[in-house]
Each structure stands twice: as C-alpha cells, then as structure tokens.
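Read through the structure below, which is laid out as structure tokens, and then see the notes.
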Protein chains: 2
Amino acid sequence: MSISNKVRKSMVEGSWIRKMFEDGAILKQQYGEENVFDFSLGNPVMEPPSEFVQELRKLAENPLPGMHRYMANAGYPETRTAVAEQLSLETGIKFTMKEIVMSCGAGGALNVLLKTILNPGEEVILFAPYFIEYVFYIDNHGGVAKVVPTDEQFIPKLDVLEDSIEANTKAVLINSPNNPTGVVYSEDLIHQLGELLQRKGAQYGTEIFLISDEPYRKIIFDGLKYPSPFNHYSQSIVATSHSKDLSLPGERIGYIAVHPDCSQREDIVDGCTHCTRILGYTNAPALMQNIVRHLQNVTVPIAEYQKKRDFLYSHLSEMGYSVIKPQGAFYMFPKSPLEDDVAFVRELQQQRVLTVPGSGFGAPGYFRISYCVDDRTLEGSLTAFRKSAQKFNRL
Amino acid sequence: MSISNKVRKSMVEGSWIRKMFEDGAILKQQYGEENVFDFSLGNPVMEPPSEFVQELRKLAENPLPGMHRYMANAGYPETRTAVAEQLSLETGIKFTMKEIVMSCGAGGALNVLLKTILNPGEEVILFAPYFIEYVFYIDNHGGVAKVVPTDEQFIPKLDVLEDSIEANTKAVLINSPNNPTGVVYSEDLIHQLGELLQRKGAQYGTEIFLISDEPYRKIIFDGLKYPSPFNHYSQSIVATSHSKDLSLPGERIGYIAVHPDCSQREDIVDGCTHCTRILGYTNAPALMQNIVRHLQNVTVPIAEYQKKRDFLYSHLSEMGYSVIKPQGAFYMFPKSPLEDDVAFVRELQQQRVLTVPGSGFGAPGYFRISYCVDDRTLEGSLTAFRKSAQKFNRL
C-alpha cells in the first residue's frame with residue numbers, strides 16, 4: 001500500500017516525452033548543453049513580447065491594491081471582458097464575460113471543462129495523432145477516450161468519425177494548429193464537422209460538444225486565417241492558453257470560452273467556475289490575469305517561427321524525409337525512416353538530437369520535432385538528421 | 001445531457017461560502033462597500049511583505065532568460081532546495097529538494113497528493129469542523145471522506161479516531177492552525193496521533209499517511225511554537241501554500257513536502273510530479289517560484305492578526321458569545337446563539353455582517369468569522385454582533 005495502482009501504471013505508460021527529457025538531461029551533462037540539440041519539448045525559446053515586460057514592470061512598480069488576493073473563481077471581470085472582446089473581434093460573434101472562465105493554462109482549462117461535463121463512462125473522441133495528455137485528462141474525470149484515425153495528411157476522416165459517434169459520445173476534441181503535426185484544419189473541414197455533430201446529436205437526441213484546444217491559434221503561417229469552430233457550431237467550447245502566443249508556458253494562464261448560443265451556456269460556465277474551485281485550481285494566477293488583459297491582441301513574432309519551419313522543412317525534405325508541411329504551431333511530424341519509430345529516435349539520440357517517437361502520440365512510425373528552438377539548435381542538428389536519413393532511407 | 005450530474009449536485013450542496021459571497025455582493029451594491037462588514041472569505045486584507053515587492057521588481061526590471069518557460073513538473077531545483085532548507089531549519093530534520101514538489105497553492109498540492117495515493121474507495125479521515133473543500137478533493141480522486149468528531153475545544157478525539165481507522169484508511173488529514181476554528185494542535189496531541197497511526201498501521205499491515213494541510217503554520221500567536229508532524233511521524237506529508245503567510249492567495253503558489261524517512265518517499269514524489277502534469281497543473285507558476293525561493297523565512301506581520309484576534313475575541317466574549325480563543329490562522333468559530341446557525345447567519349446578514357454558517361464546515365450550531373479584514377470592518381461590525389447576541393442569547 002503506497003501510491004495508487006493506476007497512477008503507478010500511468011507513470012510507466014505515459015512517459016515518452018518525459019523519458020526523452022530525462023535522457024536529454026544526461027546527454028547534456030555528458031556533452032555540454034551546447035552540444036545537444038533538443039527538440040523534445042514544446043517549450044518556446046522566444047521570450048514574451050516587450051508589451052508583456054512593460055505590463056509586468058508597471059504592476060511591479062505600482063501595485064494595484066489587493067492585486068494578489070483571491071478573486072471570484074472565474075477570474076477578474078476586467079480580464080474576462082478583455083478576452084470576450086478579443087474573441088468578438090476574431091469571430092464576429094458577440095462574446096461577454098459571462099462566457100469566459102479564466103484558467104491555469106490550457107491543461108487547467110481542459111481538466112475543469114471535462115470535470116464539468118463528463119458523467120462516468122461518457123466518451124470523448126480524439127483524432128490520432130493526439131497530444132498524449134488528453135487521455136489522462138479524460139480519464140481523470142471518469143470519461144473514456146475513443147481514438148479515431150486521420151488520413152495521410154493528418155486530417156480527420158469524417159466518415160470514420162460518423163461511425164464512431166454513439167449515444168454516450170459527450171464531446172469531440174480537436175486541436176488545430178495541431179500538436180504534434182502542425183496541421184491546420186480548413187474552414188471547410190470545421191464546417192463539415194459542425195454539421196456532422198449537429199446531425200448525429202439530432203439522431204441520438206443529444207448535444208455533442210466540440211471542444212477546441214487552441215493554444216496555437218495565433219501561431220499560423222502562410223497568411224492563413226484561423227477558422228474558428230465558433231463560426232460553425234454553437235455547441236463549441238474553446239480551451240486555450242497564452243503559453244505559446246505570449247511565450248508564457250510556465251505561468252499557467254489561459255481560459256475557457258463557451259459559445260454564446262450554446263444551449264447550456266450558463267450551466268457550463270457555472271460548472272466550470274465551480275470545478276475551478278473544487279479541483280483546487282481556485283483561480284488562474286492573479287498577476288498574470290492582470291497582465292494578459294492588456295495583451296489580448298499581442299502575439300510573439302510569428303514570422304520567426306515560420307522562418308524556422310521553412311529552414312527545417314526544406315532541409316528535411318531535401319534529405320528525403322517524408323513530411324507534411326506544417327502551417328501552424330511549431331511542430332513537425334515526419335515519417336520515421338525506420339518502421340520502429342522508437343529505434344529511430346534512439347538513433348538520433350545517439351547523435352545528440354532529441355525528438356519524441358510518434359508512439360507517444362498514438363501514431364507509431366512517425367517522430368515529432370518541436371522546433372521552437374534557437375537557430376543554433378536547428379543548424380547544429382542537420383548533420384545528424386542527414387546521417388540518419390542516409391543510414392535508413394530506403395528510397 | 002449537459003453538465004455532469006455529480007457536479008450539478010455538488011454545486012447545490014457545497015455552496016455556503018459562495019452563497020454568502022454572492023449575497024454579500026448584492027448587499028454591497030445596495031448599501032455601498034463601506035457599509036457591509038464582510039467576514040465571509042479567508043482572503044487576507046494585508047498586502048504581501050515588502051521583500052516580496054522588491055523581488056518582484058527585481059525580476060520585472062532584470063528578467064532572467066527563459067524565466068517564463070516550462071521547467072520540470074516538480075518545479076525549479078533552486079526553489080525546491082530553498083523550501084527544503086527552510087523545512088530543515090524549522091524541524092531540525094534534513095530535507096533536500098528530492099522531498100519537495102512545488103504546487104499551485106495548497107489546493108493544488110492536496111489534489112495532486114490525493115490523486116497520487118488514492119485507490120478507489122480508500123478512506124481519508126477528516127476531523128469536524130473541516131474545510132469543506134477537502135470533501136471535494138478526496139472525492140475528485142475516487143476516495144471516501146470519513147468524518148470524525150472533535151471535542152468541545154475542537155481537538156480530535158483520539159479514541160474515536162482509533163475506532164474509525166480500518167484496513168482501507170489511506171490517510172488522516174489534519175489542518176492546524178485550523179480553518180474554521182483557529183485552534184492549534186499541541187505537540188503532545190501530534191505525538192499521540194503519530195503513535196496511534198503507527199500502531200494502527202502495524203495492526204492492519206498498512207502505512208497510514210498523516211497529511212498536514214498547513215497554510216497557517218506561520219500564523220500563530222501567543223509565542224506558541226508550531227509543532228510539526230514531521231517531528232513525530234515519518235509517514236507525514238505536508239501540503240501548504242504561501243497564500244496566507246505571504247498574502248498571495250490569488251497567485252497559487254505552494255508545495256508538497258514528504259518526510260525524508262517516509263517509506264515510499266521516492267514513489268510519492270515521482271507520483272506527485274507525474275500527477276502535477278496529468279491533472280493539468282503542469283507546474284507551479286514560474287514567476288512566483290522564482291520569487292518565493294528568496295522568501296522562505298519571510299512572513300506577513302503576525303502581530304497584526306493577533307491584535308485583530310484580541311480585539312474581536314474580547315468584544316465577542318464580553319457580549320456573551322461562547323467562543324474558543326483561537327491561537328492561530330485568522331478564523332473564529334463561535335457557538336451560534338440560535339441552534340439554527342443558518343438562521344443566525346441570516347440575522348447577521350440583515351445587519352450587513354457577512355459570516356458563514358458552521359453547517360458549511362460539517363459543524364451546525366456554530367458560525368465562522370474570518371477576521372483577516374481591516375480594522376474598520378472589525379469595529380463597524382460590533383453593533384450588529386451585540387444586537388444579535390442580545391436578541392438571541394439565552395444566557
């Protein structure tokens with residue numbers, strides 16, 4: 001009798017990214033930090049924008065009275081209102097603070113939301129490859145994750161989805177721009193997805209939520225416009241954070257936004273407020289709430305990520321890697337030249353390049369490169385990527 | 001099919017403090033903030049100490065490179081080490097960072113810890129009156145809360161506890177200085193409690209954790225020394241925060257500390273690190289971790305709370321209220337002059353004094369006064385307290 005059996009089991013299973021991180025730490029000790037090329041974590045190397053630094057200084061120099069105290073569990077009205085105004089701008093739909101609950105990052109947002117909506121055994125559908133944490137988040141609150149495959153371009157197969165939806169399907173969870181593939185879903189796909197969920201809900205007499213995890217919403221390339229699920233399906237709920245668009249992953253600041261026309265909007269917002277409390281989050285960190293309310297229209301320089309993508313994509317393609325060109329986020333998900341993606345990742349690791357096997361995302365046969373790194377790392381890794389391609393490429 | 005049935009139910013049941021908060025907001029709108037005397041929340045009116053303000057300014061002016069990025073889920077090694085050093089000083093036991101996991105407040109700490117240790121149906125014993133959130137936290141992770149009464153002085157009855165411990169008792173959860181009573185457990189009691197758990201564990205072939213929720217550890221009066229469970233029982237685990245000792249409740253910064261001699265120390269720390277991740281906390285807020293590592297020996301001026309206690313205690317006693325003199329925290333828990341504590345709280349509310357009925361803490365017949373308020377509120381409330389005492393006191 002010590003720790004929970006389930007937690008012990010999940011520690012063994014869900015540890016690919018962690019394992020790479022730990023192996024990497026050993027390599028860095030052995031060879032020096034500068035001789036290890038670490039693409040294992042989605043931990044942006046960019047500092048927060050100057051507007052953030054200014055707001056932080058302003059509050060540090062002239063603290064607001066009581067600015068570190070508890071506020072209502074859903075967050076400061078001013079912050080919720082600022083988020084609502086930005087969403088109104090982005091979508092053309094009128095949001096107010098009544099649709100917003102501030103959260104401890106997207107991880108906090110998703111846990112609070114899933115706790116709020118899930119009855120035991122209800123299903124949440126994911127598309128593979130998926131961010132492994134989703135499986136834990138769903139399980140934390142008694143739900144069941146059901147995985148549906150995507151096509152060769154990592155786009156959900158709607159016909160397979162249609163067959164997978166059942167009476168106890170509570171939600172479909174999407175993530176675009178996608179971790180780990182960098183793929184951005186098209187407006188057309190989102191629209192069809194909305195129609196499908198509407199139709200299947202009517203068929204079963206249920207209302208299926210479309211949960212959109214979109215921390216990479218603003219990290220989008222090639223002049224694309226982000227197609228928001230809010231514009232295509234009224235049972236949409238967004239869970240997101242400023243971890244990537246403001247480079248604040250360590251500060252745990254994000255939010256939940258419920259479509260104003262969602263049929264159970266008030267229940268869901270009240271439930272999320274309550275679950276923010278009873279899950280022990282209590283509220284999103286106060287200081288960050290006070291800062292990000294001034295930064296809703298600020299983003300890190302996306303062009304820099306696009307440059308990094310272009311650099312890596314062109315080199316990897318030229319080396320013979322089969323890779324879908326990502327249009328957002330800061331991940332690339334090439335096919336592993338070896339069928340055994342774990343073996344290939346180990347091969348790269350021996351050359352001091354750290355990536356994560358696709359198996360860690362429910363997609364064996366691929367590997368993830370997280371390219372939110374400095375240019376030195378990008379440039380320094382090319383030799384190893386080339387060598388490994390030559391060694392295994394069967395083309 | 002909308003939100004979870006269980007969450008809907010818990011929203012109705014567990015809402016006393018929230019209800020008071022909401023009623024209070026309406027009263028404040030009606031009569032003006034300054035004419036409502038709000039003792040409903042444990043939301044310290046004191047600002048953080050000047051050392052905090054300085055550290056925040058230092059970081060705002062001279063940001064450390066990467067200080068807003070993810071770090072390891074357990075927190076920065078430097079912060080964990082600083083916490084360990086402070087605990088070593090306080091207890092005389094040698095702690096290292098290997099025993100510390102940084103958390104999003106004590107609420108985060110308790111949820112992470114309970115998720116880590118609880119198998120479905122395992123029991124956690126609480127003493128009434130108790131902080132209502134505990135019941136949610138235990139239930140979140142499949143555990144069962146078992147409530148054991150205290151005596152007239154709000155001290156656990158060890159003989160009743162002994163009879164309540166069974167083979168599936170995973171932990172006993174204590175909170176001293178106590179919310180809602182302000183009582184501080186004696187060294188002798190903690191020692192006997194440790195011996196009892198040792199004996200019962202041996203009897204069942206289990207090892208029962210003593211979880212000590214101690215955010216008020218440093219808010220202690222009358223020259224008392226805090227008796228740490230670490231000095232009396234090696235299966236002790238502390239969950240705490242800097243919400244009260246540094247007046248930072250909105251910032252969500254705390255930690256878990258496991259006794260260095262705990263038989264499953266490494267498992268527990270690894271499990272808590274993993275559960276910090278999979279519960280979506282990911283890590284304790286980075287900026288606060290960087291600040292509090294310099295403030296481990298800093299505390300808000302406790303003498304001010306003691307003065308507030310003295311003021312309120314002497315007045316309430318003189319008015320005829322039956323109340324145990326609190327020796328820590330910033331709560332008082334008088335007997336309700338009316339048997340129906342909810343009715344009495346409503347009576348006070350009509351005079352614009354906000355408190356919380358004991359029913360909200362598993363202790364009907366009492367009411368909680370949270371006196372971490374400004375002196376104006378203390379002074380302004382006396383008339384209402386006196387009037388209500390005169391109206392109902394049967395003495």
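If you're wondering about the labels, chains in the structure tokens are A, B, ... by order shown, residues count from 1 in each chain, ligands from 1 in order shown.
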
I need the alpha helix (DSSP H) residues of region 178-392 of chain B per DSSP on the backbone, written as a ChimeraX atom specification. /B:187-204,265-278,286-292,302-319,341-350,375-392

Residues of chain A within 7 Å of chain B, using only C-alpha atoms, as a VMD selection string? chain A and resid 1 to 5 7 11 43 to 44 47 53 56 to 57 60 to 61 66 68 to 71 104 107 to 108 111 116 to 119 133 136 to 137 206 248 to 252 264 267 to 268 271 274 278 to 281 283 285 to 287

Do a neighbour search on His191 (chain A) at 8 Å with only C-alpha atoms, toss out local chain neighbours closer than 2 positions, and write the hits as a VMD selection string. chain A and resid 187 to 189 193 to 195 229 232 to 233

Write out as a list in words which residues come within 12 Å of Val160 (chain A) when counting only C-alpha atoms, dropping same-chain ones fewer than 5 positions away. Ile125, Leu126, Phe127, Lys146, Val147, Val148, Pro149, Thr150, Asp151, Ile155, Ile165, Leu193 and Leu196 of chain A

What's the 12 Å shell around Gln86 (chain B), counting only C-alpha atoms, without same-chain residues fewer than 5 positions away, as a PyMOL selection string? chain B and resi 79-81+91-97+100+257+292-298

Enumerate, as a ChimeraX atom specification, the complete set of residues in region 229-297 of chain B that a backbone-based DSSP assignment places in strand (DSSP E or B). /B:236-241,254-258

Between B:Gln235, B:Lys28, B:Val342, B:Asn179, which is the closest to His259 (chain B) once you count only C-alpha atoms? B:Gln235

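Across the model, the gap from CA of Lys325 (chain B) to CA of Lys225 (chain B) is 16.7 Å.
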
With a distance cut-off of 9 Å and only C-alpha atoms, select the neighbouring residues of Met20 (chain B), excluding the residue or stretch itself and same-chain residues fewer than 4 positions from it, and output the selection as a PyMOL selection string. chain B and resi 15-16+24-25+40-41+349+354-356

Non-local contacts of Lys218 (chain A) (8 Å; only C-alpha atoms; under 2 positions in same chain excluded) as a count of residues only: 6

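Taking CA of Pro301 (chain A) and CA of Ile219 (chain A) as the two end points, the separation is 8.9 Å.
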